[in-house]
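Undergrad: If you scroll down you'll find the structure; I have some questions about it.
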Amino acid sequence: MTTPSTPHAQPFPQPGPQGAVSAPEQHWPGGGQQPGYLSPVPQRRATLADALASEWTKIRSVRSTLWNFGVLLALILGIGALITAALSSNDVPQDQSPLSLGFIGVLLGIMPVMTLGVMTIASEYGTGMIRTTLTACPSRARVLAAKAIVFAVLTFVVTLVATTLASALLAGALGGRSSTALWLWTTVGVSAYVALIGLFALAIGTLLRHSAGAITLMIGFVLLPLVTALFLAATPLGEVQNFLLEYSIPSQLGVFYGTPMVDGAPGGWEALGIMGGLTAVFLGLAFYVQDRRDV
């Protein structure tokens, strides 16, 4: 009995010089050449417009945007409708414009705006989507700038539509005369202020990278000064109480409607400047931190 010989592996046929197919060459914007897959899509450097298009696609395709802006519209328009149904023109004091009654809806409406501002970026850290985003667009400053621009413009437009409809509803049902300046403050001014609060929430969400923690901090930022001032009413800290009342978010928001909580509260432009400066500082800190830490 003889042992069968072990078959030898046949060498893989090598293409001859005549049948060899060379790999396509990829031409890059820098002028160099790299062998590999030749994409049919034209290659070019990503710009801020590409990041804006990407963030616009994301923010209009997630359910949290629809829910939060839906709650914002329901609060501003719903409370305005309830007020017009419950009151008549005789119930409004002669020296008070009916537009000031829209303050309650906007005060409650900033809560979903702050929530959406935090979730615009913190939710991407929670789901890991931020890794895909930064892989497609390595410039972290460009990503954060695109998020801030898209969110601020969208919040301003939605709030402007809601406050304009609510003001028209109140003025049409309750009558009275309202100056052009008051119309502008209760629509354009308030919408800009709400958009700034939303941007401030986005900056806090970028710094904390945790949705629940950032939303809780923002709620405390809005309510804590006012609640603290109420508990200081029976104490000798009268100056501290006045300071907290003057610069609390509800008091600054009431300035746009001509109903500040205390005399001497900052005016509309000053309120916008305070919130704009605070937002610029924390948004600049968010740019600095995001550019230097790991995902």
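So you can find residues: chains in the structure tokens are A, B, ... in the order shown, residues in each start at 1, and ligands are numbered from 1 in order.
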For A:Ala212, please output as a CSV table (one decimal) with all heavy atoms, in the first residue's frame all residues within 12 Å (counting only C-alpha atoms; exclusion window: fewer than 5 positions along the same chain).
TA:
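This went into selection.csv:
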```csv
chain,number,residue,atom,x,y,z
A,114,MET,N,-35.8,76.0,25.9
A,114,MET,CA,-34.6,75.7,26.6
A,114,MET,C,-34.3,74.2,26.5
A,114,MET,O,-33.2,73.8,26.3
A,114,MET,CB,-34.6,76.1,28.1
A,114,MET,CG,-34.7,77.6,28.4
A,114,MET,SD,-34.5,78.0,30.1
A,114,MET,CE,-35.8,77.1,30.8
A,115,THR,N,-35.3,73.4,26.6
A,115,THR,CA,-35.2,71.9,26.5
A,115,THR,C,-34.6,71.6,25.1
A,115,THR,O,-33.7,70.8,24.9
A,115,THR,CB,-36.5,71.2,26.7
A,115,THR,OG1,-37.0,71.6,28.0
A,115,THR,CG2,-36.4,69.7,26.6
A,116,LEU,N,-35.2,72.2,24.0
A,116,LEU,CA,-34.7,71.9,22.7
A,116,LEU,C,-33.3,72.4,22.5
A,116,LEU,O,-32.5,71.8,21.8
A,116,LEU,CB,-35.7,72.5,21.7
A,116,LEU,CG,-35.4,72.2,20.2
A,116,LEU,CD1,-35.4,70.7,19.9
A,116,LEU,CD2,-36.4,73.0,19.3
A,118,VAL,N,-30.9,72.5,24.7
A,118,VAL,CA,-30.0,71.6,25.3
A,118,VAL,C,-29.9,70.3,24.4
A,118,VAL,O,-28.8,69.8,24.1
A,118,VAL,CB,-30.5,71.2,26.7
A,118,VAL,CG1,-29.7,70.0,27.3
A,118,VAL,CG2,-30.3,72.5,27.6
A,119,MET,N,-31.1,69.8,24.0
A,119,MET,CA,-31.1,68.5,23.3
A,119,MET,C,-30.5,68.6,21.9
A,119,MET,O,-30.1,67.6,21.3
A,119,MET,CB,-32.5,68.0,23.2
A,119,MET,CG,-33.1,67.6,24.5
A,119,MET,SD,-34.8,67.0,24.4
A,119,MET,CE,-34.5,65.5,23.5
A,122,ALA,N,-26.7,68.0,23.2
A,122,ALA,CA,-26.5,67.0,24.2
A,122,ALA,C,-27.0,65.7,23.8
A,122,ALA,O,-26.4,64.6,24.2
A,122,ALA,CB,-27.1,67.5,25.5
A,123,SER,N,-28.1,65.6,23.1
A,123,SER,CA,-28.6,64.3,22.7
A,123,SER,C,-27.7,63.6,21.7
A,123,SER,O,-27.6,62.3,21.7
A,123,SER,CB,-30.0,64.5,22.0
A,123,SER,OG,-29.9,65.3,20.8
A,126,GLY,N,-25.3,61.8,23.8
A,126,GLY,CA,-25.9,60.7,24.5
A,126,GLY,C,-26.1,59.5,23.6
A,126,GLY,O,-25.9,58.3,24.0
A,201,ALA,N,-29.0,78.0,26.4
A,201,ALA,CA,-29.2,76.6,26.8
A,201,ALA,C,-28.4,75.6,25.9
A,201,ALA,O,-27.9,74.6,26.4
A,201,ALA,CB,-30.7,76.2,26.6
A,204,ILE,N,-24.9,75.7,27.4
A,204,ILE,CA,-24.8,74.9,28.6
A,204,ILE,C,-24.9,73.4,28.2
A,204,ILE,O,-24.1,72.6,28.8
A,204,ILE,CB,-26.0,75.2,29.5
A,204,ILE,CG1,-25.9,76.7,30.0
A,204,ILE,CG2,-26.0,74.3,30.7
A,204,ILE,CD1,-24.7,77.0,30.8
A,205,GLY,N,-25.7,73.0,27.2
A,205,GLY,CA,-25.7,71.6,26.8
A,205,GLY,C,-24.4,71.2,26.2
A,205,GLY,O,-23.9,70.0,26.4
A,217,LEU,N,-30.3,72.6,35.2
A,217,LEU,CA,-29.6,73.8,35.4
A,217,LEU,C,-30.3,75.0,34.8
A,217,LEU,O,-30.3,76.1,35.4
A,217,LEU,CB,-28.1,73.7,34.9
A,217,LEU,CG,-27.2,74.8,35.2
A,217,LEU,CD1,-27.0,75.0,36.7
A,217,LEU,CD2,-25.8,74.6,34.5
A,218,MET,N,-30.8,74.8,33.6
A,218,MET,CA,-31.5,76.0,32.9
A,218,MET,C,-32.8,76.3,33.7
A,218,MET,O,-33.1,77.5,33.8
A,218,MET,CB,-31.8,75.6,31.5
A,218,MET,CG,-30.6,75.6,30.6
A,218,MET,SD,-29.7,77.2,30.6
A,218,MET,CE,-31.0,78.3,30.0
A,219,ILE,N,-33.5,75.3,34.2
A,219,ILE,CA,-34.7,75.6,34.9
A,219,ILE,C,-34.4,76.4,36.2
A,219,ILE,O,-35.1,77.4,36.6
A,219,ILE,CB,-35.5,74.3,35.3
A,219,ILE,CG1,-36.0,73.7,34.0
A,219,ILE,CG2,-36.7,74.6,36.2
A,219,ILE,CD1,-36.7,72.4,34.2
```
Undergrad: Where in stretch 7-251 of chain A does DSSP assign strand (DSSP E), given as a list in words?
TA: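 Residues meeting the strand (DSSP E) criterion: Glu25, Gln26, His27, Gln33, Gln34 and Pro35 of chain A.
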Undergrad: Select, from A:Ile110, A:Leu101, A:Leu232, A:Ala145, the residue with the minimum atom-to-atom distance to A:Leu169, counting only C-alpha atoms.
TA: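 Nearest to A:Leu169: A:Leu101.
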Undergrad: For A:Ala280, list every protein, DNA or RNA residue within 12 Å, evaluated using only C-alpha atoms, and leave out those in the same chain fewer than 2 positions away; present the list as a CSV table (one decimal) with N, CA and C atoms, in the first residue's frame.
TA:
```csv
chain,number,residue,atom,x,y,z
A,148,ALA,N,-25.8,76.4,16.2
A,148,ALA,CA,-26.3,77.6,16.8
A,148,ALA,C,-27.1,78.5,15.8
A,196,LEU,N,-32.3,84.0,22.3
A,196,LEU,CA,-31.0,84.1,23.0
A,196,LEU,C,-31.0,83.2,24.2
A,197,ILE,N,-32.2,83.0,24.9
A,197,ILE,CA,-32.2,82.0,26.0
A,197,ILE,C,-32.0,80.6,25.4
A,199,LEU,N,-30.2,79.8,22.8
A,199,LEU,CA,-28.7,79.7,22.5
A,199,LEU,C,-27.9,79.5,23.8
A,200,PHE,N,-28.3,80.2,24.9
A,200,PHE,CA,-27.7,80.0,26.2
A,200,PHE,C,-27.8,78.5,26.6
A,201,ALA,N,-29.0,78.0,26.4
A,201,ALA,CA,-29.2,76.6,26.8
A,201,ALA,C,-28.4,75.6,25.9
A,202,LEU,N,-28.2,76.0,24.6
A,202,LEU,CA,-27.4,75.2,23.8
A,202,LEU,C,-25.9,75.2,24.2
A,203,ALA,N,-25.5,76.4,24.7
A,203,ALA,CA,-24.1,76.5,25.2
A,203,ALA,C,-23.9,75.6,26.5
A,204,ILE,N,-24.9,75.7,27.4
A,204,ILE,CA,-24.8,74.9,28.6
A,204,ILE,C,-24.9,73.4,28.2
A,272,LEU,N,-32.1,92.8,26.4
A,272,LEU,CA,-31.5,92.1,25.3
A,272,LEU,C,-29.9,92.1,25.4
A,273,GLY,N,-29.4,93.2,25.9
A,273,GLY,CA,-27.9,93.3,26.0
A,273,GLY,C,-27.4,92.3,27.1
A,274,ILE,N,-28.1,92.3,28.2
A,274,ILE,CA,-27.7,91.4,29.3
A,274,ILE,C,-27.7,89.9,28.8
A,275,MET,N,-28.8,89.5,28.2
A,275,MET,CA,-28.9,88.1,27.8
A,275,MET,C,-28.0,87.9,26.7
A,276,GLY,N,-27.8,88.8,25.7
A,276,GLY,CA,-26.9,88.6,24.6
A,276,GLY,C,-25.4,88.5,25.1
A,277,GLY,N,-25.0,89.3,26.1
A,277,GLY,CA,-23.7,89.2,26.6
A,277,GLY,C,-23.4,87.9,27.4
A,278,LEU,N,-24.4,87.5,28.2
A,278,LEU,CA,-24.3,86.2,28.9
A,278,LEU,C,-24.2,85.1,27.9
A,282,PHE,N,-20.9,82.4,27.4
A,282,PHE,CA,-21.0,80.9,27.6
A,282,PHE,C,-20.8,80.2,26.2
A,283,LEU,N,-21.3,80.9,25.1
A,283,LEU,CA,-21.1,80.2,23.8
A,283,LEU,C,-19.6,80.2,23.4
A,284,GLY,N,-18.9,81.3,23.7
A,284,GLY,CA,-17.5,81.3,23.5
A,284,GLY,C,-16.8,80.3,24.3
A,285,LEU,N,-17.2,80.1,25.6
A,285,LEU,CA,-16.6,79.1,26.4
A,285,LEU,C,-16.9,77.7,25.8
A,286,ALA,N,-18.1,77.5,25.3
A,286,ALA,CA,-18.4,76.2,24.7
A,286,ALA,C,-17.6,75.9,23.4
A,287,PHE,N,-17.3,77.0,22.6
A,287,PHE,CA,-16.4,76.8,21.4
A,287,PHE,C,-15.0,76.4,21.9
```
Undergrad: Where does stretch 67-132 of chain A meet stretch 157-163 of chain A within 7 Å, residue by residue, with the nearest atom pair and distance in Å to one decimal for each, counting only C-alpha atoms, listed by chain and rising number, as JSON lines?
TA:
```
{"residue": "A:Leu73", "atom": "CA", "partner": "A:Ala162", "partner_atom": "CA", "distance": 5.8}
{"residue": "A:Ile76", "atom": "CA", "partner": "A:Ala162", "partner_atom": "CA", "distance": 6.4}
{"residue": "A:Leu77", "atom": "CA", "partner": "A:Ala162", "partner_atom": "CA", "distance": 6.5}
```
Undergrad: Could those selected residues go to a file with all heavy atoms, as a PDB file, in the first residue's frame?
TA:
```pdb
ATOM      1  N   LEU A  73     -46.012  76.711  20.699  1.00  0.00           N
ATOM      2  CA  LEU A  73     -47.158  77.316  20.015  1.00  0.00           C
ATOM      3  C   LEU A  73     -48.440  77.111  20.816  1.00  0.00           C
ATOM      4  O   LEU A  73     -49.275  78.028  20.915  1.00  0.00           O
ATOM      5  CB  LEU A  73     -47.300  76.703  18.619  1.00  0.00           C
ATOM      6  CG  LEU A  73     -46.193  77.046  17.620  1.00  0.00           C
ATOM      7  CD1 LEU A  73     -46.336  76.202  16.361  1.00  0.00           C
ATOM      8  CD2 LEU A  73     -46.253  78.525  17.259  1.00  0.00           C
ATOM      9  N   ILE A  76     -48.399  79.622  23.945  1.00  0.00           N
ATOM     10  CA  ILE A  76     -48.576  81.046  23.614  1.00  0.00           C
ATOM     11  C   ILE A  76     -49.958  81.304  23.021  1.00  0.00           C
ATOM     12  O   ILE A  76     -50.689  82.209  23.451  1.00  0.00           O
ATOM     13  CB  ILE A  76     -47.466  81.511  22.656  1.00  0.00           C
ATOM     14  CG1 ILE A  76     -46.097  81.419  23.353  1.00  0.00           C
ATOM     15  CG2 ILE A  76     -47.728  82.941  22.187  1.00  0.00           C
ATOM     16  CD1 ILE A  76     -44.937  81.818  22.466  1.00  0.00           C
ATOM     17  N   LEU A  77     -50.349  80.498  22.039  1.00  0.00           N
ATOM     18  CA  LEU A  77     -51.651  80.712  21.402  1.00  0.00           C
ATOM     19  C   LEU A  77     -52.792  80.228  22.275  1.00  0.00           C
ATOM     20  O   LEU A  77     -53.854  80.862  22.341  1.00  0.00           O
ATOM     21  CB  LEU A  77     -51.680  79.991  20.055  1.00  0.00           C
ATOM     22  CG  LEU A  77     -50.686  80.497  19.009  1.00  0.00           C
ATOM     23  CD1 LEU A  77     -50.792  79.683  17.737  1.00  0.00           C
ATOM     24  CD2 LEU A  77     -50.937  81.982  18.716  1.00  0.00           C
TER      25      LEU A  77
END
```
Undergrad: For a quick check of understanding, using only C-alpha atoms, which of A:Ala214, A:Ile79, A:Leu99, A:Val113 has the smallest distance to A:Leu66?
TA: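 Answer, going by the shortest atom-to-atom distance: A:Val113.
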Undergrad: So, with only C-alpha atoms as the atoms that count, which of A:Gln290, A:Ser178, A:Ser251, A:Phe156 lies closest to A:Asp95?
TA: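 Using only C-alpha atoms, A:Asp95 sits closest to A:Ser178.
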Undergrad: Give me the residues near stretch 252-267 of chain A as a PyMOL selection string, where near means some atom within 10 Å (using only C-alpha atoms) and where sequence neighbours in that chain fewer than 3 positions away do not count.
TA: chain A and resi 96-104+106-107+181-190+193-194+242-243+245-249+270-275
Undergrad: So that I can check the surroundings of A:Ala136, please list as a list in words every protein, DNA and RNA residue that reaches within 12 Å of it, counting only C-alpha atoms and ignoring chain neighbours fewer than 3 positions away.
TA: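 Contacts, in chain order: Arg45, Ala46, Thr47, Asp50, Ala51, Ser54, Met129, Ile130, Arg131, Thr132, Thr133, Ser139, Arg140, Arg142 and Val143 of chain A.
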Undergrad: To test your reading of the structure, identify every residue in stretch 224-263 of chain A that backbone DSSP assigns to helix (DSSP H, G or I), and report it as a PyMOL selection string.
TA: chain A and resi 224-231+238-247+249-255
Undergrad: Provide the atom CA of A:His210 to atom CA of A:Pro112 distance in Å, to one decimal place.
TA: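 Rounded to one decimal, the two atoms are 16.6 Å apart.
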